Number of protein chains: 4
Amino acid sequence: MSHNTFGHLFRVTTWGESHGPAIGCVIDGCPPGLALSEADLQPWLDRRRPGSSRFVSQRREPDQVRILSGVFGGLTTGTPIALEIANQDQRSRDYADVAQSFRPGHADIAYQWKYGLRDPRGGGRASARETAMRVAAGAIARRVLGEGVTIRGAMVQMGGDRVDRTAWDWAQATQNDFWCPDAEAAARWALQLAAIRKAGSSIGAVIEVQAQGVPPGLGAPIYAKLDADIAAALMGINAVKGVEIGDGFGAAALSGGDNADEMRMRQDGVVEFQANHAGGILGGISTGQPVVARFAVKPTSSILTARRTVTQEGQDTDLLTKGRHDPCVGIRAVPVGEAMLACVLADHLLRHRAQNHPVLATGRMPRP
Amino acid sequence: MSHNTFGHLFRVTTWGESHGPAIGCVIDGCPPGLALSEADLQPWLDRRRPGSSRFVSQRREPDQVRILSGVFGGLTTGTPIALEIANQDQRSRDYADVAQSFRPGHADIAYQWKYGLRDPRGGGRASARETAMRVAAGAIARRVLGEGVTIRGAMVQMGGDRVDRTAWDWAQATQNDFWCPDAEAAARWALQLAAIRKAGSSIGAVIEVQAQGVPPGLGAPIYAKLDADIAAALMGINAVKGVEIGDGFGAAALSGGDNADEMRMRQDGVVEFQANHAGGILGGISTGQPVVARFAVKPTSSILTARRTVTQEGQDTDLLTKGRHDPCVGIRAVPVGEAMLACVLADHLLRHRAQNHPVLATGRMPRP
Amino acid sequence: MSHNTFGHLFRVTTWGESHGPAIGCVIDGCPPGLALSEADLQPWLDRRRPGSSRFVSQRREPDQVRILSGVFGGLTTGTPIALEIANQDQRSRDYADVAQSFRPGHADIAYQWKYGLRDPRGGGRASARETAMRVAAGAIARRVLGEGVTIRGAMVQMGGDRVDRTAWDWAQATQNDFWCPDAEAAARWALQLAAIRKAGSSIGAVIEVQAQGVPPGLGAPIYAKLDADIAAALMGINAVKGVEIGDGFGAAALSGGDNADEMRMRQDGVVEFQANHAGGILGGISTGQPVVARFAVKPTSSILTARRTVTQEGQDTDLLTKGRHDPCVGIRAVPVGEAMLACVLADHLLRHRAQNHPVLATGRMPRP
Amino acid sequence: MSHNTFGHLFRVTTWGESHGPAIGCVIDGCPPGLALSEADLQPWLDRRRPGSSRFVSQRREPDQVRILSGVFGGLTTGTPIALEIANQDQRSRDYADVAQSFRPGHADIAYQWKYGLRDPRGGGRASARETAMRVAAGAIARRVLGEGVTIRGAMVQMGGDRVDRTAWDWAQATQNDFWCPDAEAAARWALQLAAIRKAGSSIGAVIEVQAQGVPPGLGAPIYAKLDADIAAALMGINAVKGVEIGDGFGAAALSGGDNADEMRMRQDGVVEFQANHAGGILGGISTGQPVVARFAVKPTSSILTARRTVTQEGQDTDLLTKGRHDPCVGIRAVPVGEAMLACVLADHLLRHRAQNHPVLATGRMPRP
């Protein structure tokens with residue numbers, strides 16, 4: 001991860017501001033020969049798109065992605081894949097106040113201090129709009145990983161209200177406005193968020209992403225451990241303040257005996273883990289168990305309640321942020337979290353092949 | 001972060017196995033002209049060393065570091081600084097069982113699957129012994145940051161028992177065996193950990209690291225955000241399963257109004273934040289407020305209680321891990337967490353200077 | 001340099017195929033606050049554009065560049081700068097034969113072997129069309145370097161015919177079709193190349209690029225030496241087969257006494273070199289003398305003379321390459337070579353600032 | 001290539017100064033399961049060692065390499081391989097003058113300007129002593145490449161005197177003091193260099209390195225082309241001023257018809273090239289033909305003839321460089337050039353496997 005590029009072999013570079021003419025990305029290092037068209041990417045983008053329910057920003061962006069390079073005859077060629085989405089609905093007038101003052105909780109003042117200037121329209125580069133390109137990149141990463149790997153996400157907590165994990169139903173997660181796997185929680189959240197939205201406030205959330213079918217052996221210790229790269233990828237999503245793998249912070253309260261994921265041989269000669277406290281990763285390397293990660297999303301900082309802040313000229317002021325915002329930005333972070341996980345896994349799949357090709361080729365790698 | 005190197009400009013490459021002849025690191029990109037000797041590094045290493053209390057591993061390692069390059073006449077020269085520590089107390093006999101079976105919770109099986117073979121002595125490369133070099137690198141990073149930046153760490157939770165934050169006393173943190181800033185909690189933990197140790201079990205912990213005096217503007221959005229790099233650096237420490245910045249997972253339960261760190265101008269023309277929910281980072285860029293991060297450390301997987309596992313030949317077995325282990329590996333993770341934070345900050349200080357030299361030079365960067 | 005990105009801090013990522021909808025690049029790490037508009041880039045692109053004389057390809061491409069991000073209010077913001085040029089004149093019909101056979105001297109067969117497939121239209125990604133984006137990036141790099149640094153290029157040899165270096169006149173170099181600093185050589189070449197073009201053949205060339213005003217201290221030994229990075233940057237231009245710095249291959253024939261660039265103090269306290277055999281670089285670090293590099297460009301492989309080759313199905317065939325080609329592709333390599341040199345210098349300027357900020361700040365660096 | 005590390009997947013980081021306690025390197029990313037011991041490395045180091053003939057430096061260094069990590073049970077484990085050589089014969093007294101003045105042609109003044117200080121003993125980090133670690137790394141790279149790839153080097157020109165290529169005999173190259181494949185040229189050079197040495201002077205050289213058996217498909221266009229990476233690797237060797245691939249600068253004088261490496265199918269279905277002007281690389285990708293590169297080495301700058309220079313305090317002076325130097329440093333550059341080529345190829349082999357694993361696996365890649 002460096003500047004606006006992430007990945008070591010499957011590399012994603014994004015560019016673009018919220019209210020510029022377009023946003024885009026370049027995906028470099030994609031294996032050749034994969035079937036790919038715009039129609040393969042669009043469904044994933046549609047899941048993140050604003051305006052899709054009353055609980056997300058009402059900005060109207062069709063988010064139609066174009067592939068500008070790297071594909072010929074319907075197949076990836078191994079050369080860089082350039083993707084681009086034109087910005088359509090830039091109401092820059094909403095941001096006149098923002099140009100003069102620093103919105104609390106936003107990156108305004110940090111950009112000003114770092115660069116000496118900033119593009120204030122819609123948060124400029126710091127806008128969550130940038131994440132559309134992550135989702136597009138993630139769709140290609142899924143193709144690299146192949147059909148054996150399934151990556152899914154769910155919102156597991158809104159404010160202080162958590163899902164009942166015993167009621168987890170992946171099918172349910174695509175049938176409500178919250179990617180919530182627990183129908184009852186979804187119903188509670190709908191009521192709660194309607195009230196928060198009406199009050200001009202916002203609320204935080206926790207998202208869980210899972211990858212099933214991940215082959216063992218992915219991860220490059222010591223400083224590109226799979227969990228470290230996942231942590232960076234998820235922490236780098238806008239508004240994220242925490243990341244955990246497997247039992248995460250809960251592991252702090254466990255004893256060593258309870259935390260051990262014991263193993264037994266299945267009759268078919270496969271190693272079977274008796275639990276997955278580790279979230280599918282040991283020593284920074286995947287074990288073949290489901291990779292499980294969670295991340296905390298802070299409440300949207302753009303709210304209709306006035307907060308104390310300062311102007312660019314150094315005067316005290318009070319600011320309330322008009323514009324079209326997500327009352328719970330965690331909702332739209334679900335497809336973004338999935339995409340980041342997919343990109344990290346694709347990158348590590350390529351890295352693993354590179355170094356351990358002989359191990360893979362000789363079949364010296366028993367699998368769970 | 002890539003392979004066994006981390007950092008983009010202040011780069012640390014570590015090498016070595018738990019029971020090999022030595023461990024070491026190469027620090028590349030260090031600015032020239034900094035006063036540096038082995039005596040500057042040793043105190044930091046002594047804080048992480050095993051055998052320093054009854055609550056940490058009894059392995060006897062003096063951890064005497066040697067500087068082999070990059071320093072001339074007592075000053076860094078800008079060339080790579082090679083550091084090395086000879087291993088002394090390698091009781092490889094303790095690990096005979098481990099060579100045949102996979103310790104649950106350890107990286108044994110993951111390394112086997114990834115590489116087709118592994119060095120089983122003391123966990124080989126996956127041993128926490130590697131973290132000694134991170135501490136040494138961190139000591140140099142502190143020098144790069146200068147005296148204006150203070151980095152400290154504390155254990156804030158052992159098992160389910162948290163410190164009382166209202167009783168926080170940094171002076172206290174260096175006076176007990178736990179880096180605990182709350183004397184009462186330290187007393188409770190001493191009793192509890194003595195029992196755990198006696199029972200041959202282990203327990204998890206949560207560590208907090210703070211950096212004060214960090215200049216605003218550090219962090220390279222979008223994919224080398226300061227918080228993302230901190231997340232990777234801390235998650236990459238052995239046994240860490242979760243990382244959070246500022247309010248972290250607690251932010252999920254907040255409203256946007258409560259989470260906003262409001263601002264006011266002080267009479268001396270300095271921007272003053274009214275709170276620090278953000279942990280000193282907005283949009284991936286430091287704000288000049290204290291950088292605050294926490295990480296969860298799982299209980300040591302090496303315990304004297306037998307756990308179910310499998311052998312390398314694919315047979316079921318039960319394994320208890322003899323050897324000299326830390327009943328709460330979180331304790332020794334405190335100096336490691338500080339060091340990783342120092343390295344990330346030093347790297348970003350250099351990166352910031354590079355791109356924003358004109359901003360820095362023209363004084364266009366007002367500071368909080 | 002890695003994949004389709006080059007530079008460590010001033011990073012350029014290019015994408016696009018000869019006959020795709022567009023080509024583009026992303027420039028990451030550019031310092032903020034630099035004045036930049038499309039009008040600043042266009043003149044540099046016009047120098048490389050096809051169709052500008054009878055001695056270059058007759059493909060008609062206006063090469064109108066658009067800035068899609070990273071600039072606000074006429075100033076760079078420090079965020080990625082995306083540039084894009086729409087392709088206009090793609091006569092893919094010219095390339096029907098090429099899809100079936102491998103053009104000798106071209107990358108066709110290499111891409112086929114590497115990726116298992118290729119985009120045959122105009123050479124796809126391997127087309128020199130990609131170099132337009134290098135020129136655009138170079139224009140931004142010049143801005144980073146500032147007005148104190150002057151980068152110029154000239155063609156110094158066509159076929160076996162070299163310029164008379166005693167007749168070197170930079171003003172002349174922009175007044176003929178060859179960037180030739182020697183008017184008489186230019187006149188000879190015009191006659192010679194007209195004949196070569198008429199014969200459907202092509203010819204090689206040698207280009208020299210110079211940078212004046214480069215501050216001393218640029219270059220990151222041992223493995224990012226300034227000359228090593230220049231060598232990679234120039235060798236990576238299409239059709240380049242050799243690179244040399246200063247006296248280059250001629251240095252092999254010198255004695256140590258003759259090769260030494262002796263030094264004397266000027267009365268104003270400045271170190272003055274008595275010669276520049278080293279081409280401005282010692283130990284991989286700039287000395288403040290002019291940086292001088294030359295590169296050899298092979299003759300265009302696309303010629304109207306039939307050559308023996310094989311088809312994709314493994315049959316012998318003879319192929320002559322129709323289409324619009326440069327009889328001496330070295331001509332258009334001049335602005336590309338300048339641009340690559342500018343990018344490498346800009347990258348190293350940022351790197352130098354990062355590590356040696358204290359040296360720069362304290363004025364401990366005497367200058368020639 | 002970045003700082004003191006090179007390679008993207010097969011990564012080599014070197015450290016150490018000429019007169020420090022030791023030099024060393026870390027090789028990261030090496031595939032696991034390769035047989036490796038110190039005895040495998042020593043013969044390669046012995047080829048570069050000083051003191052082996054009267055035509056090279058008389059410094060007495062046994063150059064005994066130690067493997068400190070990354071190997072277990074005689075096999076590489078996939079973790080970093082640390083190598084180290086203790087410095088033995090550091091006669092720092094020879095360098096007292098050097099500490100006060102800048103040797104012309106050396107990096108002394110450049111380091112001083114860059115870093116504000118320098119280690120003057122034996123050239124410090126800029127000493128050719130560092131190349132011992134490149135040779136060690138190259139020995140491991142050869143193992144990664146396997147027995148199918150043969151890498152050899154030869155000196156093909158000393159001063160202005162070239163070998164007769166029609167008399168090329170690889171067996172001869174290991175039987176004289178010059179790695180010269182032409183016995184007659186070697187005899188001439190022996191007489192000439194004896195005289196140069198006696199006169200306290202030095203002379204330049206040109207080295208050729210070849211790799212046979214390189215699989216087609218290696219190279220990562222556009223900015224990690226195989227030839228660009230080779231150019232950087234060779235240009236980064238001490239005293240190198242030029243690099244060329246295949247016909248190199250000679251290609252400038254060719255017509256397109258002559259330069260084309262025509263192809264024909266052999267009866268066994270293999271593509272056969274009729275020539276190798278391209279030096280085994282097209283479009284930055286290997287073709288399966290021998291990879292051929294040459295590099296020019298300037299005459300040793302340390303000579304016994306006084307040259308004009310300046311002191312660190314800014315006074316004119318004359319300096320002659322005592323100490324033990326190579327009258328033709330090109331001789332010892334031969335094994336270094338081979339090693340750098342081996343490292344670049346090993347890195348690209350891993351990179352190619354990573355991205356093109358499916359192509360390799362499905363056998364879609366016909367080979368020459």
# chains A, B, ... in the order shown; residues from 1 in each chain; ligands from 1
call {"tool": "interface_residues", "arguments": {"of": "chain C", "to": "chain B", "cutoff": "6 Å", "atoms": "only C-alpha atoms", "output": "VMD selection string"}}
result
chain C and resid 31 350 353 to 356
call {"tool": "residues_around", "arguments": {"residues": "segment 161-168 of chain D", "least_positions_apart": "5", "cutoff": "10 Å", "atoms": "only C-alpha atoms", "output": "list in words"}}
result
Ala252 and Ala253 of chain C; Ala154, Met155, Val156, Ala173, Cys180, Pro181, Asp182, Ala183, Glu184, Ala185, Ala186, Arg188, Trp189, Ala205 and Val206 of chain D
call {"tool": "write_last_selection", "arguments": {"atoms": "N, CA and C atoms", "output": "mmCIF file, in the first residue's frame"}}
result
data_model
loop_
_atom_site.group_PDB
_atom_site.id
_atom_site.type_symbol
_atom_site.label_atom_id
_atom_site.label_comp_id
_atom_site.auth_asym_id
_atom_site.auth_seq_id
_atom_site.Cartn_x
_atom_site.Cartn_y
_atom_site.Cartn_z
ATOM 1 N N ALA C 252 35.527 3.050 -21.613
ATOM 2 C CA ALA C 252 36.284 1.797 -21.545
ATOM 3 C C ALA C 252 37.692 1.974 -22.113
ATOM 4 N N ALA C 253 37.828 2.898 -23.039
ATOM 5 C CA ALA C 253 39.124 3.070 -23.707
ATOM 6 C C ALA C 253 40.012 4.101 -23.026
ATOM 7 N N ALA D 154 32.057 -12.605 -19.746
ATOM 8 C CA ALA D 154 33.398 -12.541 -20.333
ATOM 9 C C ALA D 154 33.781 -11.085 -20.514
ATOM 10 N N MET D 155 35.074 -10.817 -20.400
ATOM 11 C CA MET D 155 35.547 -9.485 -20.727
ATOM 12 C C MET D 155 35.825 -9.465 -22.216
ATOM 13 N N VAL D 156 35.251 -8.526 -22.932
ATOM 14 C CA VAL D 156 35.362 -8.544 -24.395
ATOM 15 C C VAL D 156 36.158 -7.371 -24.941
ATOM 16 N N ALA D 173 37.708 -18.801 -21.307
ATOM 17 C CA ALA D 173 37.401 -17.657 -20.442
ATOM 18 C C ALA D 173 37.719 -17.900 -18.976
ATOM 19 N N CYS D 180 38.634 -13.841 -20.323
ATOM 20 C CA CYS D 180 38.662 -13.493 -21.742
ATOM 21 C C CYS D 180 38.473 -14.744 -22.599
ATOM 22 N N PRO D 181 37.493 -14.740 -23.489
ATOM 23 C CA PRO D 181 37.186 -15.948 -24.280
ATOM 24 C C PRO D 181 38.107 -16.101 -25.499
ATOM 25 N N ASP D 182 39.064 -15.212 -25.628
ATOM 26 C CA ASP D 182 39.950 -15.211 -26.799
ATOM 27 C C ASP D 182 41.380 -15.236 -26.260
ATOM 28 N N ALA D 183 42.059 -16.375 -26.411
ATOM 29 C CA ALA D 183 43.366 -16.566 -25.788
ATOM 30 C C ALA D 183 44.377 -15.516 -26.247
ATOM 31 N N GLU D 184 44.299 -15.163 -27.511
ATOM 32 C CA GLU D 184 45.273 -14.181 -28.001
ATOM 33 C C GLU D 184 45.064 -12.816 -27.371
ATOM 34 N N ALA D 185 43.816 -12.420 -27.270
ATOM 35 C CA ALA D 185 43.533 -11.134 -26.644
ATOM 36 C C ALA D 185 44.013 -11.155 -25.192
ATOM 37 N N ALA D 186 43.775 -12.264 -24.509
ATOM 38 C CA ALA D 186 44.200 -12.366 -23.108
ATOM 39 C C ALA D 186 45.711 -12.170 -22.986
ATOM 40 N N ARG D 188 47.649 -10.495 -25.046
ATOM 41 C CA ARG D 188 47.940 -9.066 -25.276
ATOM 42 C C ARG D 188 47.614 -8.245 -24.025
ATOM 43 N N TRP D 189 46.437 -8.513 -23.434
ATOM 44 C CA TRP D 189 46.002 -7.736 -22.277
ATOM 45 C C TRP D 189 46.957 -7.901 -21.092
ATOM 46 N N ALA D 205 37.089 -1.165 -19.479
ATOM 47 C CA ALA D 205 36.822 -2.467 -20.102
ATOM 48 C C ALA D 205 35.354 -2.573 -20.485
ATOM 49 N N VAL D 206 35.063 -3.552 -21.336
ATOM 50 C CA VAL D 206 33.674 -3.894 -21.644
ATOM 51 C C VAL D 206 33.461 -5.370 -21.319
#
call {"tool": "select_by_dssp", "arguments": {"residues": "segment 79-198 of chain D", "states": "strand (DSSP E or B)", "output": "list in words"}}
result
Ile81, Ala82, Leu83, Glu84, Ile85, Ala86, Ser101, Thr150, Ile151, Arg152, Gly153, Ala154, Met155, Val156, Gln157, Met158, Asp161 and Arg162 of chain D
call {"tool": "write_last_selection", "arguments": {"atoms": "N, CA and C atoms", "output": "PDB file, in the first residue's frame"}}
result
ATOM      1  N   ILE D  81      16.829 -15.076   3.816  1.00  0.00           N
ATOM      2  CA  ILE D  81      18.157 -15.665   3.933  1.00  0.00           C
ATOM      3  C   ILE D  81      19.147 -14.537   4.198  1.00  0.00           C
ATOM      4  N   ALA D  82      19.737 -14.548   5.401  1.00  0.00           N
ATOM      5  CA  ALA D  82      20.732 -13.531   5.739  1.00  0.00           C
ATOM      6  C   ALA D  82      22.118 -14.097   5.500  1.00  0.00           C
ATOM      7  N   LEU D  83      22.930 -13.350   4.757  1.00  0.00           N
ATOM      8  CA  LEU D  83      24.313 -13.743   4.493  1.00  0.00           C
ATOM      9  C   LEU D  83      25.244 -12.693   5.078  1.00  0.00           C
ATOM     10  N   GLU D  84      26.404 -13.135   5.517  1.00  0.00           N
ATOM     11  CA  GLU D  84      27.321 -12.175   6.120  1.00  0.00           C
ATOM     12  C   GLU D  84      28.766 -12.578   5.865  1.00  0.00           C
ATOM     13  N   ILE D  85      29.591 -11.589   5.610  1.00  0.00           N
ATOM     14  CA  ILE D  85      31.032 -11.791   5.446  1.00  0.00           C
ATOM     15  C   ILE D  85      31.745 -10.800   6.357  1.00  0.00           C
ATOM     16  N   ALA D  86      32.591 -11.316   7.213  1.00  0.00           N
ATOM     17  CA  ALA D  86      33.368 -10.424   8.083  1.00  0.00           C
ATOM     18  C   ALA D  86      34.461  -9.758   7.257  1.00  0.00           C
ATOM     19  N   SER D 101      40.316  15.109   1.445  1.00  0.00           N
ATOM     20  CA  SER D 101      40.139  15.575   0.067  1.00  0.00           C
ATOM     21  C   SER D 101      39.170  14.644  -0.662  1.00  0.00           C
ATOM     22  N   THR D 150      21.836 -21.187 -18.000  1.00  0.00           N
ATOM     23  CA  THR D 150      23.284 -21.005 -17.832  1.00  0.00           C
ATOM     24  C   THR D 150      23.634 -19.529 -17.998  1.00  0.00           C
ATOM     25  N   ILE D 151      24.302 -18.984 -17.004  1.00  0.00           N
ATOM     26  CA  ILE D 151      24.687 -17.568 -17.071  1.00  0.00           C
ATOM     27  C   ILE D 151      26.203 -17.471 -17.023  1.00  0.00           C
ATOM     28  N   ARG D 152      26.765 -16.831 -18.025  1.00  0.00           N
ATOM     29  CA  ARG D 152      28.214 -16.710 -18.112  1.00  0.00           C
ATOM     30  C   ARG D 152      28.611 -15.294 -18.495  1.00  0.00           C
ATOM     31  N   GLY D 153      29.803 -14.894 -18.115  1.00  0.00           N
ATOM     32  CA  GLY D 153      30.292 -13.569 -18.467  1.00  0.00           C
ATOM     33  C   GLY D 153      31.700 -13.637 -19.019  1.00  0.00           C
ATOM     34  N   ALA D 154      32.057 -12.605 -19.746  1.00  0.00           N
ATOM     35  CA  ALA D 154      33.398 -12.541 -20.333  1.00  0.00           C
ATOM     36  C   ALA D 154      33.781 -11.085 -20.514  1.00  0.00           C
ATOM     37  N   MET D 155      35.074 -10.817 -20.400  1.00  0.00           N
ATOM     38  CA  MET D 155      35.547  -9.485 -20.727  1.00  0.00           C
ATOM     39  C   MET D 155      35.825  -9.465 -22.216  1.00  0.00           C
ATOM     40  N   VAL D 156      35.251  -8.526 -22.932  1.00  0.00           N
ATOM     41  CA  VAL D 156      35.362  -8.544 -24.395  1.00  0.00           C
ATOM     42  C   VAL D 156      36.158  -7.371 -24.941  1.00  0.00           C
ATOM     43  N   GLN D 157      36.554  -6.474 -24.070  1.00  0.00           N
ATOM     44  CA  GLN D 157      37.357  -5.332 -24.510  1.00  0.00           C
ATOM     45  C   GLN D 157      38.121  -4.799 -23.304  1.00  0.00           C
ATOM     46  N   MET D 158      39.423  -4.544 -23.475  1.00  0.00           N
ATOM     47  CA  MET D 158      40.181  -3.841 -22.436  1.00  0.00           C
ATOM     48  C   MET D 158      40.785  -2.627 -23.088  1.00  0.00           C
ATOM     49  N   ASP D 161      41.093  -2.349 -26.986  1.00  0.00           N
ATOM     50  CA  ASP D 161      41.425  -3.621 -27.632  1.00  0.00           C
ATOM     51  C   ASP D 161      40.319  -4.662 -27.414  1.00  0.00           C
ATOM     52  N   ARG D 162      39.652  -5.062 -28.502  1.00  0.00           N
ATOM     53  CA  ARG D 162      38.525  -5.994 -28.401  1.00  0.00           C
ATOM     54  C   ARG D 162      38.934  -7.434 -28.712  1.00  0.00           C
TER      55      ARG D 162
END
call {"tool": "residues_around", "arguments": {"residues": "Ala107 of chain D", "least_positions_apart": "2", "cutoff": "9 Å", "atoms": "only C-alpha atoms", "output": "tab-separated table (two decimals) with C-alpha atoms, in the first residue's frame"}}
result
chain	number	residue	atom	x	y	z
C	281	ILE	CA	26.88	11.43	-11.75
C	282	LEU	CA	29.40	9.89	-9.34
C	283	GLY	CA	28.59	6.87	-7.20
C	284	GLY	CA	25.01	7.11	-8.41
C	285	ILE	CA	24.60	10.65	-7.06
D	102	PHE	CA	37.75	14.34	-2.59
D	103	ARG	CA	39.22	11.74	-4.93
D	104	PRO	CA	38.39	12.73	-8.53
D	105	GLY	CA	36.18	10.17	-10.25
D	109	ILE	CA	32.19	14.59	-3.05
D	110	ALA	CA	28.79	13.31	-4.11
D	111	TYR	CA	28.24	11.55	-0.76
D	112	GLN	CA	29.45	14.65	1.06
D	123	GLY	CA	35.08	4.59	-0.01
D	126	ALA	CA	30.47	3.21	-2.33
call {"tool": "atom_distance", "arguments": {"atom1": "atom CA of Thr14 of chain B", "atom2": "atom CA of Arg134 of chain B"}}
result
7.8 Å
call {"tool": "atom_distance", "arguments": {"atom1": "atom CA of Thr13 of chain D", "atom2": "atom CA of Ser2 of chain C"}}
result
17.0 Å
call {"tool": "select_by_dssp", "arguments": {"residues": "segment 168-257 of chain A", "states": "helix (DSSP H, G or I)", "output": "PyMOL selection string"}}
result
chain A and resi 170-173+183-198+226-235+248-253+256-257
call {"tool": "write_last_selection", "arguments": {"atoms": "C-alpha atoms", "output": "CSV table (one decimal), in the first residue's frame"}}
result
chain,number,residue,atom,x,y,z
A,170,TRP,CA,-27.0,-15.1,4.4
A,171,ALA,CA,-30.1,-15.1,2.2
A,172,GLN,CA,-31.7,-12.5,4.4
A,173,ALA,CA,-28.7,-10.2,4.0
A,183,ALA,CA,-34.4,-10.1,9.8
A,184,GLU,CA,-35.5,-9.0,13.2
A,185,ALA,CA,-32.5,-6.7,13.7
A,186,ALA,CA,-33.1,-5.3,10.2
A,187,ALA,CA,-36.6,-4.4,11.2
A,188,ARG,CA,-35.4,-2.7,14.4
A,189,TRP,CA,-32.7,-0.8,12.5
A,190,ALA,CA,-35.2,0.5,9.9
A,191,LEU,CA,-37.2,2.2,12.6
A,192,GLN,CA,-34.2,3.5,14.4
A,193,LEU,CA,-32.5,4.9,11.3
A,194,ALA,CA,-35.6,6.6,10.1
A,195,ALA,CA,-35.7,8.5,13.3
A,196,ILE,CA,-32.0,9.3,13.2
A,197,ARG,CA,-32.3,10.5,9.6
A,198,LYS,CA,-35.3,12.7,10.4
A,226,LEU,CA,-2.6,-11.7,5.3
A,227,ASP,CA,-4.3,-10.3,8.4
A,228,ALA,CA,-2.0,-7.2,8.3
A,229,ASP,CA,-2.9,-6.5,4.7
A,230,ILE,CA,-6.6,-7.0,5.4
A,231,ALA,CA,-6.3,-4.7,8.4
A,232,ALA,CA,-4.8,-1.9,6.2
A,233,ALA,CA,-7.3,-2.5,3.4
A,234,LEU,CA,-10.3,-2.2,5.7
A,235,MET,CA,-8.9,0.6,7.9
A,248,GLY,CA,-10.6,-10.0,17.5
A,249,PHE,CA,-10.9,-7.9,20.6
A,250,GLY,CA,-12.9,-10.8,22.2
A,251,ALA,CA,-9.7,-12.9,22.1
A,252,ALA,CA,-8.2,-10.7,24.8
A,253,ALA,CA,-10.6,-12.2,27.3
A,256,GLY,CA,-5.1,-20.1,25.7
A,257,GLY,CA,-7.0,-23.3,26.0
call {"tool": "residues_around", "arguments": {"residues": "Arg59 of chain C", "least_positions_apart": "3", "cutoff": "12 Å", "atoms": "only C-alpha atoms", "output": "list in words"}}
result
Ser18, His19, Arg49, Pro50, Gly51, Ser52, Ser53, Arg54, Phe55, Val56, Pro62, Asp63, Asn87, Gln88, Asp89, Gln90, Arg91, Ser92, Asp94, Gly122, Arg129, Gly323, Arg324, His325 and Asp326 of chain C
